[in-house]
$ cat upload-v2.txt   # compact mmCIF, C-alpha atoms
# COMPACT_ATOMS: atom_id res chain seq x y z
CA MET A 22 41.84 7.07 -33.69
CA ALA A 23 42.47 5.29 -30.42
CA ARG A 24 39.64 3.41 -28.85
CA PHE A 25 39.12 3.62 -25.13
CA PRO A 26 37.38 0.82 -23.24
CA LEU A 27 33.95 1.68 -21.86
CA VAL A 28 33.93 2.09 -18.11
CA PRO A 29 30.65 1.07 -16.45
CA THR A 30 29.21 3.89 -14.34
CA ALA A 31 26.14 2.14 -12.90
CA PRO A 32 26.77 0.60 -9.48
CA GLU A 33 26.91 -3.16 -9.26
CA PRO A 34 23.73 -4.62 -7.72
CA GLU A 35 24.18 -5.87 -4.18
CA ARG A 36 24.38 -9.64 -3.86
CA ALA A 37 21.69 -10.84 -1.47
CA ILE A 38 21.03 -14.08 0.40
CA LEU A 39 17.43 -14.71 1.43
CA VAL A 40 16.65 -16.48 4.70
CA GLY A 41 13.22 -17.89 5.49
CA VAL A 42 11.67 -20.00 8.22
CA GLU A 43 8.87 -22.49 7.71
CA TRP A 44 6.56 -22.15 10.70
CA ARG A 45 3.93 -24.63 11.78
CA ASP A 46 1.13 -22.13 11.05
CA ASN A 47 2.54 -20.55 7.87
CA ALA A 48 -0.22 -18.72 6.00
CA TRP A 49 1.91 -18.82 2.82
CA PRO A 50 4.17 -21.64 1.56
CA LEU A 51 7.77 -20.73 2.31
CA ASP A 52 8.93 -20.92 -1.29
CA ARG A 53 6.18 -18.51 -2.40
CA SER A 54 6.98 -16.12 0.42
CA LEU A 55 10.66 -16.18 -0.57
CA ASP A 56 9.69 -15.63 -4.22
CA GLU A 57 7.92 -12.47 -3.14
CA LEU A 58 10.89 -11.45 -0.97
CA GLU A 59 13.13 -11.89 -4.02
CA ARG A 60 10.87 -9.58 -6.03
CA LEU A 61 11.06 -7.03 -3.23
CA ALA A 62 14.85 -7.31 -3.21
CA HIS A 63 14.96 -6.91 -6.99
CA THR A 64 12.76 -3.81 -6.72
CA ALA A 65 15.29 -2.39 -4.23
CA GLY A 66 18.12 -3.07 -6.69
CA ALA A 67 19.61 -6.30 -5.27
CA GLN A 68 20.48 -9.57 -6.98
CA CYS A 69 19.52 -12.72 -5.07
CA VAL A 70 22.33 -15.26 -5.23
CA ALA A 71 21.19 -17.89 -2.70
CA ARG A 72 18.46 -18.96 -0.30
CA LEU A 73 18.61 -20.55 3.13
CA SER A 74 15.66 -22.03 5.03
CA GLN A 75 14.88 -23.82 8.26
CA ARG A 76 11.82 -25.38 9.85
CA LEU A 77 11.10 -24.08 13.35
CA VAL A 78 8.33 -24.06 15.94
CA LYS A 79 9.47 -20.70 17.32
CA PRO A 80 12.48 -18.43 16.72
CA TYR A 81 15.63 -18.72 18.81
CA PRO A 82 15.72 -15.71 21.18
CA LYS A 83 19.38 -14.90 20.51
CA SER A 84 19.90 -15.71 16.84
CA PHE A 85 16.38 -16.22 15.34
CA ILE A 86 17.67 -19.32 13.50
CA GLY A 87 19.58 -22.21 15.07
CA SER A 88 23.31 -22.05 15.75
CA GLY A 89 23.99 -24.65 13.05
CA LYS A 90 22.11 -22.54 10.50
CA VAL A 91 24.05 -19.46 11.60
CA GLU A 92 27.30 -21.29 10.81
CA GLU A 93 25.84 -22.43 7.47
CA LEU A 94 24.82 -18.84 6.73
CA CYS A 95 28.32 -17.54 7.48
CA GLY A 96 29.85 -20.07 5.09
CA LEU A 97 27.29 -19.25 2.40
CA VAL A 98 27.95 -15.52 2.73
CA HIS A 99 31.67 -15.99 2.14
CA ARG A 100 31.26 -18.52 -0.70
CA MET A 101 28.72 -16.35 -2.56
CA ASP A 102 30.54 -13.08 -1.76
CA ALA A 103 27.24 -11.66 -0.47
CA ASP A 104 26.72 -8.03 0.50
CA VAL A 105 23.44 -8.35 2.37
CA VAL A 106 21.37 -11.03 4.11
CA ILE A 107 17.60 -10.50 4.06
CA PHE A 108 15.34 -12.33 6.52
CA ASP A 109 11.74 -12.96 5.49
CA ASP A 110 10.53 -12.33 9.07
CA ASP A 111 11.08 -9.46 11.48
CA LEU A 112 14.22 -9.59 13.61
CA THR A 113 14.50 -8.10 17.07
CA PRO A 114 17.30 -5.54 17.53
CA SER A 115 19.33 -8.02 19.60
CA GLN A 116 18.92 -10.80 17.01
CA GLN A 117 20.03 -8.46 14.24
CA SER A 118 23.05 -7.35 16.28
CA TYR A 119 24.05 -10.97 17.05
CA LEU A 120 23.78 -12.01 13.40
CA GLU A 121 25.80 -9.00 12.24
CA LYS A 122 28.62 -9.96 14.62
CA ALA A 123 28.44 -13.61 13.55
CA VAL A 124 28.56 -12.88 9.82
CA GLY A 125 31.04 -10.04 10.15
CA GLU A 126 31.47 -6.71 8.47
CA PRO A 127 30.73 -5.31 5.94
CA VAL A 128 27.80 -7.67 5.30
CA LYS A 129 24.44 -6.14 6.27
CA ILE A 130 21.65 -8.05 8.05
CA ILE A 131 18.15 -6.71 7.38
CA ASP A 132 14.61 -8.06 7.62
CA ARG A 133 11.50 -7.80 5.43
CA THR A 134 10.33 -4.63 7.19
CA ALA A 135 13.63 -2.82 6.56
CA LEU A 136 13.52 -3.89 2.90
CA ILE A 137 9.98 -2.57 2.42
CA LEU A 138 10.89 0.68 4.16
CA ASP A 139 13.84 1.04 1.80
CA ILE A 140 11.59 0.54 -1.24
CA PHE A 141 9.08 3.05 0.09
CA GLY A 142 11.94 5.52 0.56
CA LEU A 143 12.93 5.04 -3.11
CA HIS A 144 9.41 5.49 -4.49
CA ALA A 145 7.86 8.20 -2.31
CA GLN A 146 7.39 11.29 -4.48
CA THR A 147 5.12 13.74 -2.68
CA ARG A 148 6.03 15.65 0.48
CA GLU A 149 3.43 13.71 2.47
CA GLY A 150 4.73 10.37 1.19
CA ARG A 151 8.31 11.24 2.10
CA LEU A 152 7.28 12.40 5.58
CA GLN A 153 5.35 9.18 6.16
CA VAL A 154 8.30 7.03 5.06
CA GLN A 155 10.78 9.00 7.19
CA LEU A 156 8.56 8.59 10.23
CA ALA A 157 8.27 4.82 9.75
CA GLN A 158 12.02 4.49 9.12
CA LEU A 159 12.96 6.40 12.29
CA GLN A 160 10.48 4.42 14.38
CA TYR A 161 12.12 1.26 13.04
CA LEU A 162 15.64 2.60 13.70
CA LEU A 163 15.14 3.89 17.25
CA PRO A 164 15.22 0.54 19.12
CA ARG A 165 18.14 -0.61 16.93
CA LEU A 166 20.57 2.12 18.00
CA ARG A 167 22.00 -0.09 20.75
CA GLY A 168 25.40 -1.37 19.76
CA MET A 169 26.01 1.24 17.07
CA TRP A 170 28.49 2.89 19.47
CA SER A 171 29.99 -0.34 20.80
CA HIS A 172 33.46 0.74 19.63
CA LEU A 173 33.32 3.52 22.23
CA ALA A 174 32.07 1.14 24.89
CA LYS A 175 35.16 -1.02 24.24
CA GLU A 176 37.40 1.99 24.83
CA GLN A 177 35.75 2.44 28.23
CA THR A 178 36.64 -1.06 29.37
CA ARG A 179 40.36 -0.34 28.95
CA GLY A 180 40.36 2.08 31.90
CA GLY A 181 42.60 5.11 32.25
CA ILE A 182 42.15 8.54 30.71
CA GLY A 183 38.90 8.99 28.86
CA SER A 184 37.25 5.93 30.31
CA ARG A 185 35.38 7.81 33.03
CA PHE A 186 33.26 9.99 30.76
CA GLY A 187 30.93 7.29 29.42
CA GLN A 188 31.29 8.40 25.80
CA GLY A 189 29.42 5.43 24.35
CA GLU A 190 26.38 5.79 26.57
CA SER A 191 26.38 9.59 26.17
CA GLN A 192 26.52 9.37 22.39
CA LEU A 193 23.80 6.71 22.37
CA GLU A 194 21.51 8.88 24.47
CA VAL A 195 22.23 11.90 22.28
CA ASP A 196 21.31 9.93 19.18
CA ARG A 197 18.14 8.59 20.78
CA ARG A 198 17.12 12.08 21.82
CA LEU A 199 17.81 13.43 18.33
CA ILE A 200 15.71 10.69 16.73
CA ARG A 201 12.85 11.17 19.22
CA ASN A 202 12.90 14.91 18.50
CA LYS A 203 12.90 14.21 14.76
CA ILE A 204 9.98 11.79 15.15
CA ALA A 205 8.04 14.43 17.10
CA ALA A 206 8.82 17.05 14.44
CA LEU A 207 7.73 14.71 11.64
CA ARG A 208 4.47 13.95 13.45
CA ARG A 209 3.76 17.68 13.83
CA GLU A 210 4.50 18.26 10.15
CA LEU A 211 2.33 15.30 9.15
CA LYS A 212 -0.51 16.70 11.28
CA GLN A 213 -0.40 19.88 9.19
CA VAL A 214 -0.35 17.91 5.94
CA GLU A 215 -3.16 15.66 7.19
CA HIS A 216 -5.21 18.75 8.09
CA ARG A 217 -4.95 19.96 4.50
CA ARG A 218 -5.85 16.47 3.26
CA ASP A 219 -8.86 16.42 5.61
CA VAL A 220 -10.05 19.70 4.10
CA GLN A 221 -9.70 18.22 0.62
CA SER A 222 -11.40 14.99 1.71
CA LYS A 223 -14.23 16.95 3.32
CA SER A 224 -14.85 18.78 0.06
CA ARG A 225 -14.97 15.43 -1.73
CA ILE A 226 -17.33 14.00 0.89
CA GLU A 227 -19.63 16.98 0.48
CA SER A 228 -19.40 16.64 -3.28
CA PRO A 229 -22.31 14.79 -4.89
CA ALA A 230 -19.93 12.67 -6.97
CA PHE A 231 -19.87 8.94 -6.25
CA ARG A 232 -16.53 8.08 -4.63
CA VAL A 233 -14.61 4.92 -5.58
CA ALA A 234 -11.29 3.80 -4.08
CA LEU A 235 -8.95 1.15 -5.47
CA ALA A 236 -7.44 -1.26 -2.96
CA GLY A 237 -5.44 -4.35 -3.65
CA TYR A 238 -2.20 -6.25 -3.43
CA THR A 239 0.82 -4.43 -4.76
CA ASN A 240 1.31 -4.94 -8.51
CA ALA A 241 -2.29 -6.12 -9.00
CA GLY A 242 -2.74 -3.44 -11.67
CA LYS A 243 -4.60 -0.68 -9.81
CA SER A 244 -2.78 2.19 -11.55
CA THR A 245 -3.26 0.56 -14.96
CA LEU A 246 -6.97 0.15 -14.18
CA LEU A 247 -7.19 3.85 -13.26
CA ASN A 248 -5.46 4.80 -16.51
CA ARG A 249 -7.70 2.55 -18.60
CA LEU A 250 -10.89 3.82 -16.99
CA THR A 251 -10.15 7.55 -16.91
CA GLY A 252 -7.60 8.00 -19.69
CA SER A 253 -5.03 9.36 -17.21
CA THR A 254 -1.29 8.66 -17.30
CA VAL A 255 -0.52 7.62 -13.71
CA LEU A 256 2.80 5.76 -13.40
CA SER A 257 2.28 2.01 -13.73
CA GLN A 258 5.18 -0.46 -13.70
CA ASP A 259 5.64 -4.18 -13.23
CA LYS A 260 7.27 -3.58 -9.84
CA LEU A 261 6.15 -3.90 -6.25
CA PHE A 262 5.11 -0.55 -4.73
CA ALA A 263 5.72 1.36 -7.99
CA THR A 264 3.26 4.02 -6.80
CA LEU A 265 2.74 5.09 -3.19
CA ASP A 266 0.95 8.42 -3.29
CA PRO A 267 -2.85 8.50 -3.72
CA THR A 268 -4.12 9.81 -7.05
CA THR A 269 -7.71 10.91 -7.66
CA ARG A 270 -9.28 11.27 -11.10
CA SER A 271 -12.81 12.16 -12.17
CA TYR A 272 -15.01 10.10 -14.47
CA ARG A 273 -18.55 10.31 -15.82
CA LEU A 274 -20.71 7.22 -15.63
CA PRO A 275 -23.25 6.44 -18.38
CA GLY A 276 -26.06 8.95 -18.02
CA GLY A 277 -23.67 11.72 -16.97
CA ARG A 278 -23.33 10.94 -13.27
CA GLY A 279 -20.04 12.16 -11.80
CA MET A 280 -17.61 9.84 -10.06
CA THR A 281 -14.16 10.15 -8.50
CA ILE A 282 -11.78 7.21 -8.41
CA THR A 283 -8.72 7.14 -6.12
CA ASP A 284 -5.69 4.87 -6.46
CA THR A 285 -4.09 4.04 -3.10
CA VAL A 286 -0.89 2.38 -1.88
CA GLY A 287 -0.68 -1.37 -2.52
CA PHE A 288 -0.87 -3.95 0.25
CA ILE A 289 1.37 -6.93 0.89
CA GLN A 290 1.59 -9.84 3.30
CA LYS A 291 3.43 -8.99 6.51
CA LEU A 292 2.92 -5.28 5.81
CA PRO A 293 4.82 -3.50 8.61
CA HIS A 294 2.48 -2.04 11.22
CA GLY A 295 4.62 1.09 11.34
CA LEU A 296 3.86 1.68 7.68
CA VAL A 297 0.13 1.11 8.19
CA ASP A 298 0.20 3.70 10.99
CA ALA A 299 2.32 6.16 9.02
CA PHE A 300 0.13 5.85 5.92
CA LYS A 301 -3.19 6.08 7.77
CA SER A 302 -3.91 9.52 6.30
CA THR A 303 -3.34 8.11 2.81
CA LEU A 304 -5.42 5.03 3.53
CA SER A 305 -8.20 7.27 4.86
CA GLU A 306 -9.12 7.75 1.21
CA VAL A 307 -10.39 4.17 1.37
CA LEU A 308 -12.48 4.94 4.46
CA GLY A 309 -14.16 7.88 2.75
CA ALA A 310 -15.17 5.92 -0.34
CA ASP A 311 -18.73 4.89 -1.24
CA LEU A 312 -17.36 1.80 -2.99
CA ILE A 313 -14.02 -0.03 -2.69
CA LEU A 314 -12.80 -1.93 -5.73
CA LYS A 315 -10.64 -4.81 -4.50
CA VAL A 316 -8.30 -5.35 -7.44
CA VAL A 317 -6.83 -8.88 -7.63
CA ASP A 318 -4.20 -10.28 -10.00
CA ALA A 319 -6.11 -13.26 -11.42
CA SER A 320 -2.96 -14.63 -13.09
CA ASP A 321 -1.11 -15.05 -9.78
CA GLU A 322 -1.38 -18.53 -8.28
CA ASP A 323 -1.48 -16.97 -4.80
CA TYR A 324 -4.41 -14.67 -5.61
CA GLU A 325 -6.53 -16.12 -2.78
CA ARG A 326 -3.85 -15.39 -0.16
CA GLN A 327 -3.34 -11.94 -1.63
CA LEU A 328 -7.06 -11.28 -1.32
CA GLU A 329 -6.93 -12.40 2.32
CA ALA A 330 -3.99 -10.04 2.96
CA VAL A 331 -5.97 -7.14 1.47
CA ASP A 332 -8.98 -7.98 3.65
CA ARG A 333 -6.75 -8.04 6.76
CA VAL A 334 -5.39 -4.55 6.05
CA LEU A 335 -8.89 -3.21 5.28
CA ASP A 336 -10.05 -4.60 8.65
CA GLU A 337 -7.02 -3.06 10.35
CA ILE A 338 -7.82 0.44 9.08
CA GLY A 339 -11.53 0.11 9.86
CA ALA A 340 -12.77 -0.38 6.28
CA GLY A 341 -13.77 -4.03 6.60
CA GLU A 342 -17.50 -3.29 6.52
CA ARG A 343 -17.42 -0.90 3.56
CA LEU A 344 -19.20 -1.73 0.30
CA THR A 345 -16.76 -3.64 -1.93
CA LEU A 346 -16.63 -5.05 -5.43
CA THR A 347 -13.96 -7.61 -6.33
CA VAL A 348 -12.28 -7.06 -9.70
CA PHE A 349 -10.12 -9.86 -11.07
CA ASN A 350 -7.57 -8.12 -13.28
CA LYS A 351 -5.17 -9.51 -15.93
CA ILE A 352 -7.70 -11.99 -17.35
CA ASP A 353 -5.91 -11.60 -20.70
CA LEU A 354 -3.33 -13.98 -19.18
CA LEU A 355 -5.96 -16.67 -18.47
CA ASP A 356 -7.30 -19.38 -20.75
CA SER A 357 -11.01 -20.10 -21.19
CA VAL A 358 -11.00 -22.86 -18.56
CA ASP A 359 -9.55 -20.60 -15.86
CA ARG A 360 -11.98 -17.82 -16.74
CA LEU A 361 -14.92 -20.20 -16.40
CA SER A 362 -13.57 -21.33 -13.02
CA PHE A 363 -13.39 -17.73 -11.78
CA ARG A 364 -16.95 -17.02 -12.94
CA ARG A 365 -18.24 -20.09 -11.09
CA ARG A 366 -16.34 -19.42 -7.85
CA TYR A 367 -16.92 -15.66 -7.77
CA PRO A 368 -20.21 -14.97 -9.57
CA GLU A 369 -20.47 -11.44 -8.10
CA ALA A 370 -16.96 -10.42 -9.20
CA VAL A 371 -15.96 -8.63 -12.39
CA LEU A 372 -13.40 -10.18 -14.77
CA PHE A 373 -11.33 -7.45 -16.35
CA SER A 374 -8.09 -6.69 -18.20
CA ALA A 375 -6.64 -3.25 -17.56
CA GLN A 376 -4.06 -4.00 -20.26
CA THR A 377 -6.48 -4.73 -23.13
CA GLY A 378 -9.70 -3.13 -21.86
CA GLU A 379 -11.63 -6.41 -21.94
CA GLY A 380 -14.48 -6.31 -19.41
CA LEU A 381 -14.41 -2.50 -19.14
CA ASP A 382 -18.09 -2.10 -20.03
CA ASP A 383 -19.05 -4.71 -17.44
CA LEU A 384 -16.96 -2.93 -14.78
CA VAL A 385 -18.49 0.48 -15.55
CA ASP A 386 -21.99 -1.03 -15.52
CA ARG A 387 -21.40 -2.64 -12.11
CA ILE A 388 -20.08 0.62 -10.65
CA ALA A 389 -23.10 2.46 -12.05
CA ARG A 390 -25.46 -0.11 -10.51
CA GLU A 391 -23.75 0.17 -7.11
CA ALA A 392 -23.95 3.96 -7.37
CA ALA A 393 -27.67 3.79 -8.15
CA ALA A 394 -28.45 1.23 -5.43
CA THR A 395 -28.73 3.86 -2.69
CA ASP A 396 -30.53 6.46 -4.82
CA VAL A 397 -33.66 8.16 -3.50
CA LEU A 398 -36.80 8.65 -5.61
CA LEU A 399 -37.92 12.25 -5.20
CA SER A 400 -40.45 14.68 -6.68
CA ALA A 401 -39.81 18.41 -6.33
CA ASP A 402 -40.78 21.81 -7.71
CA ILE A 403 -37.53 23.73 -7.99
CA PRO A 404 -37.70 27.54 -8.51
CA TYR A 405 -35.87 28.95 -11.52
CA ARG A 406 -33.68 30.98 -9.18
CA GLU A 407 -32.16 27.68 -7.99
CA GLY A 408 -30.43 27.11 -11.32
CA ALA A 409 -27.43 25.41 -9.71
CA LEU A 410 -29.74 22.89 -8.02
CA ILE A 411 -31.50 22.13 -11.30
CA THR A 412 -28.10 21.59 -12.96
CA LEU A 413 -27.06 19.32 -10.09
CA VAL A 414 -30.14 17.13 -10.62
CA HIS A 415 -29.33 16.84 -14.34
CA GLU A 416 -25.66 15.99 -13.70
CA GLN A 417 -25.94 13.63 -10.72
CA GLY A 418 -29.45 12.20 -10.88
CA THR A 419 -31.46 10.01 -13.19
CA LEU A 420 -34.24 12.24 -14.52
CA LEU A 421 -37.57 10.41 -14.88
CA HIS A 422 -39.86 13.39 -15.54
CA GLU A 423 -39.33 17.12 -16.14
CA GLU A 424 -42.03 19.74 -16.56
CA TYR A 425 -41.54 23.50 -16.92
CA LEU A 426 -43.99 25.51 -14.80
CA GLU A 427 -44.56 29.24 -14.46
CA ASP A 428 -42.36 29.60 -11.36
CA GLY A 429 -39.95 26.69 -11.75
CA VAL A 430 -39.27 23.15 -12.89
CA ARG A 431 -41.15 20.09 -11.66
CA ILE A 432 -38.88 17.07 -11.61
CA VAL A 433 -39.16 13.43 -10.70
CA ALA A 434 -35.74 11.87 -10.38
CA LYS A 435 -33.60 9.27 -8.69
CA LEU A 436 -30.92 11.13 -6.76
CA PRO A 437 -27.86 10.14 -4.73
CA ALA A 438 -28.65 10.03 -1.01
CA ARG A 439 -26.22 12.91 -0.36
CA ILE A 440 -28.07 15.20 -2.80
CA ALA A 441 -31.66 14.45 -1.80
CA PRO A 442 -31.61 16.56 1.42
CA ARG A 443 -30.75 19.67 -0.63
CA LEU A 444 -34.12 19.37 -2.41
CA GLU A 445 -36.13 18.54 0.68
CA ARG A 446 -37.66 22.03 1.04
CA TYR A 447 -38.97 21.90 -2.53
CA ARG A 448 -40.24 18.35 -2.25
CA THR A 449 -43.79 17.52 -3.39
CA GLU A 450 -45.86 14.46 -2.60

$ encode --input "upload-v2.txt" --output "structure tokens"
Amino acid sequence: MARFPLVPTAPEPERAILVGVEWRDNAWPLDRSLDELERLAHTAGAQCVARLSQRLVKPYPKSFIGSGKVEELCGLVHRMDADVVIFDDDLTPSQQSYLEKAVGEPVKIIDRTALILDIFGLHAQTREGRLQVQLAQLQYLLPRLRGMWSHLAKEQTRGGIGSRFGQGESQLEVDRRLIRNKIAALRRELKQVEHRRDVQSKSRIESPAFRVALAGYTNAGKSTLLNRLTGSTVLSQDKLFATLDPTTRSYRLPGGRGMTITDTVGFIQKLPHGLVDAFKSTLSEVLGADLILKVVDASDEDYERQLEAVDRVLDEIGAGERLTLTVFNKIDLLDSVDRLSFRRRYPEAVLFSAQTGEGLDDLVDRIAREAAATDVLLSADIPYREGALITLVHEQGTLLHEEYLEDGVRIVAKLPARIAPRLERYRTE
């Protein structure tokens, strides 16, 4: 029987060169920022074959990096047979166009924002998520249309027949108009989706359940924490931005009190503003929470900078003043010395391992204490006809005294602040 050689069907990963600039006021060391860029590139399916860096005070207006570095980049691209060059900082449309001409086709020049948008496009699953990504991608593309029809502009410069119609400019304007119309249509569609989400959020706000939202750097383990706490099976992978769409699960705290916990999109340094704007409806889940759990990867040497990046995004969306609890995840990867250091530096934080479950009881206890901190002590005589109200007190409150009377039930309980007004008319001194 003849044997046939196996023919690979999976596409070869694109070969990428990473380019970074060390600025005077860099918040992150350049090598760490490029490490993260490499992980982003890997998530998008590329293989990083080389890095190039330069120290600058400010970017060059025409080429972003210096002319000597551009020449070095061109040589590196050809030696490494690269398919794409990824810049760690945002490029202007003119800088991107200049670099594309310098390097030559078919090599692509993209920046960090384009890379993140590409990853979001790969991972968005729900209709809302896909709409949000499409909107951000088109907003990014619109100012970069210039030059895409330069081959027609060249035809115009030759003169003669066909040169008087302005094909290049006409086609460019048509494309711009089409993209603007598409952006407007996406915004209208998102408005409708956001309206439905607002209705759902309003029902959760009116619900007596304590609302918790997970926020944190991408790949900090938020989805794994949600799975560990609630027993759900939300996708969790060791990849950046593995999950984008918010997921809400219910949970009962000790004593029977109801709680909802929502996993949200991960944050990252240099998170594109277009994405923050596009995902505002998703991030609104954080704004509606009673408590935000800031999940931090304790095993990452840049955990402090990651925590700062999370705080910046929370401030940007108006959640900077919300009640928060810091949860250092992945402590199973730490030794006893590192754990002791965390406890000394962050005495109010919770040390936790979503992978093994270590620290779960402490986390649940802290959430329960935060939920009870705003409770109201109330005495009331509730008529038997208000059976739903009596059940609500049992499910959401901490019952201190219960006495069955002829016409109803006398209770003394600690109740969530949102529930207490419902019992006001039956309140007793």

$ atom_distance --input "upload-v2.txt" --atom1 "atom CA of Leu247 of chain A" --atom2 "atom CA of Thr269 of chain A"
9.0 Å

$ residues_around --input "upload-v2.txt" --residues "segment 412-421 of chain A" --least-positions-apart "5" --cutoff "9 Å" --atoms "all atoms listed in the file" --output "list in words"
Pro229, Ala230, Phe231, Gly276, Gly277, Arg278, Gly279, Ala393, Asp396, Glu407, Ile432, Val433, Ala434, Lys435, Leu436, Pro437 and Ile440 of chain A

$ residues_around --input "upload-v2.txt" --residues "Met101 of chain A" --least-positions-apart "4" --cutoff "12 Å" --atoms "only C-alpha atoms" --output "ChimeraX atom specification"
/A:35-38,68-72,94-97,105-106,128

$ closest_residue --input "upload-v2.txt" --among "A:Asn248, A:Ser84, A:Ser374, A:Thr395" --to "Lys351 of chain A" --atoms "all atoms listed in the file"
A:Ser374

$ atom_distance --input "upload-v2.txt" --atom1 "atom CA of Gln290 of chain A" --atom2 "atom CA of Val371 of chain A"
23.6 Å

$ atom_distance --input "upload-v2.txt" --atom1 "atom CA of Gly378 of chain A" --atom2 "atom CA of Leu61 of chain A"
28.2 Å

$ axis_aligned_box --input "upload-v2.txt" --around "segment 409-425 of chain A" --padding-each-side "8 Å" --output "JSON"
{"center_x": -33.8, "center_y": 17.7, "center_z": -12.5, "size_x": 32.4, "size_y": 31.4, "size_z": 24.9}

$ closest_residue --input "upload-v2.txt" --among "A:Pro293, A:Val233, A:Val334, A:Gln153" --to "Thr268 of chain A" --atoms "only C-alpha atoms"
A:Val233

$ closest_residue --input "upload-v2.txt" --among "A:Lys79, A:Lys122, A:Arg165, A:Arg217" --to "Arg197 of chain A" --atoms "all atoms listed in the file"
A:Arg165

$ closest_residue --input "upload-v2.txt" --among "A:Tyr119, A:Pro275, A:Pro82, A:Val286" --to "Asp383 of chain A" --atoms "only C-alpha atoms"
A:Pro275

$ residues_around --input "upload-v2.txt" --residues "Glu43 of chain A" --least-positions-apart "4" --cutoff "7 Å" --atoms "all atoms listed in the file" --output "list of chain:residue names"
A:Asn47, A:Leu51, A:Gln75, A:Arg76, A:Leu77

$ residues_near_point --input "upload-v2.txt" --point "(-16.0, 5.9, -9.0)" --cutoff "7 Å" --atoms "only C-alpha atoms" --output "number ranges by chain"
A: 231-233, 272, 280-282, 388

$ write_last_selection --input "upload-v2.txt" --atoms "C-alpha atoms" --output "compact mmCIF listing (two decimals), keeping the file's coordinate frame"
# COMPACT_ATOMS: atom_id res chain seq x y z
CA PHE A 231 -19.87 8.94 -6.25
CA ARG A 232 -16.53 8.08 -4.63
CA VAL A 233 -14.61 4.92 -5.58
CA TYR A 272 -15.01 10.10 -14.47
CA MET A 280 -17.61 9.84 -10.06
CA THR A 281 -14.16 10.15 -8.50
CA ILE A 282 -11.78 7.21 -8.41
CA ILE A 388 -20.08 0.62 -10.65

$ closest_residue --input "upload-v2.txt" --among "A:Leu138, A:Leu250, A:Ile86, A:Ile338" --to "Gly150 of chain A" --atoms "all atoms listed in the file"
A:Leu138

$ residues_around --input "upload-v2.txt" --residues "Tyr367 of chain A" --least-positions-apart "5" --cutoff "10 Å" --atoms "only C-alpha atoms" --output "list in words"
Thr347, Val348, Phe349, Leu361, Ser362 and Leu372 of chain A

$ write_last_selection --input "upload-v2.txt" --atoms "C-alpha atoms" --output "compact mmCIF listing (two decimals), in the coordinates of the input"
# COMPACT_ATOMS: atom_id res chain seq x y z
CA THR A 347 -13.96 -7.61 -6.33
CA VAL A 348 -12.28 -7.06 -9.70
CA PHE A 349 -10.12 -9.86 -11.07
CA LEU A 361 -14.92 -20.20 -16.40
CA SER A 362 -13.57 -21.33 -13.02
CA LEU A 372 -13.40 -10.18 -14.77

$ closest_residue --input "upload-v2.txt" --among "A:His422, A:Val397, A:Ile403, A:Gln116" --to "Ala441 of chain A" --atoms "only C-alpha atoms"
A:Val397

$ build_atoms --input "upload-v2.txt" --residues "segment 382-392 of chain A" --atoms "N, CA and C atoms" --output "JSON list (two decimals), in the coordinates of the input"
[["chain", "number", "residue", "atom", "x", "y", "z"],
["A", 382, "ASP", "N", -16.66, -2.46, -20.05],
["A", 382, "ASP", "CA", -18.09, -2.10, -20.03],
["A", 382, "ASP", "C", -18.80, -2.75, -18.85],
["A", 383, "ASP", "N", -18.45, -4.00, -18.57],
["A", 383, "ASP", "CA", -19.05, -4.71, -17.44],
["A", 383, "ASP", "C", -18.69, -4.02, -16.12],
["A", 384, "LEU", "N", -17.41, -3.60, -16.00],
["A", 384, "LEU", "CA", -16.96, -2.93, -14.78],
["A", 384, "LEU", "C", -17.70, -1.61, -14.58],
["A", 385, "VAL", "N", -17.79, -0.80, -15.64],
["A", 385, "VAL", "CA", -18.49, 0.48, -15.55],
["A", 385, "VAL", "C", -19.95, 0.28, -15.20],
["A", 386, "ASP", "N", -20.58, -0.75, -15.81],
["A", 386, "ASP", "CA", -21.99, -1.03, -15.52],
["A", 386, "ASP", "C", -22.20, -1.42, -14.06],
["A", 387, "ARG", "N", -21.27, -2.22, -13.51],
["A", 387, "ARG", "CA", -21.40, -2.64, -12.11],
["A", 387, "ARG", "C", -21.23, -1.45, -11.17],
["A", 388, "ILE", "N", -20.27, -0.57, -11.48],
["A", 388, "ILE", "CA", -20.08, 0.62, -10.65],
["A", 388, "ILE", "C", -21.32, 1.49, -10.69],
["A", 389, "ALA", "N", -21.89, 1.64, -11.90],
["A", 389, "ALA", "CA", -23.10, 2.46, -12.05],
["A", 389, "ALA", "C", -24.26, 1.87, -11.26],
["A", 390, "ARG", "N", -24.36, 0.54, -11.26],
["A", 390, "ARG", "CA", -25.46, -0.11, -10.51],
["A", 390, "ARG", "C", -25.27, 0.07, -9.01],
["A", 391, "GLU", "N", -24.01, -0.04, -8.54],
["A", 391, "GLU", "CA", -23.75, 0.17, -7.11],
["A", 391, "GLU", "C", -24.03, 1.62, -6.73],
["A", 392, "ALA", "N", -23.71, 2.55, -7.64],
["A", 392, "ALA", "CA", -23.95, 3.96, -7.37],
["A", 392, "ALA", "C", -25.44, 4.26, -7.28]]
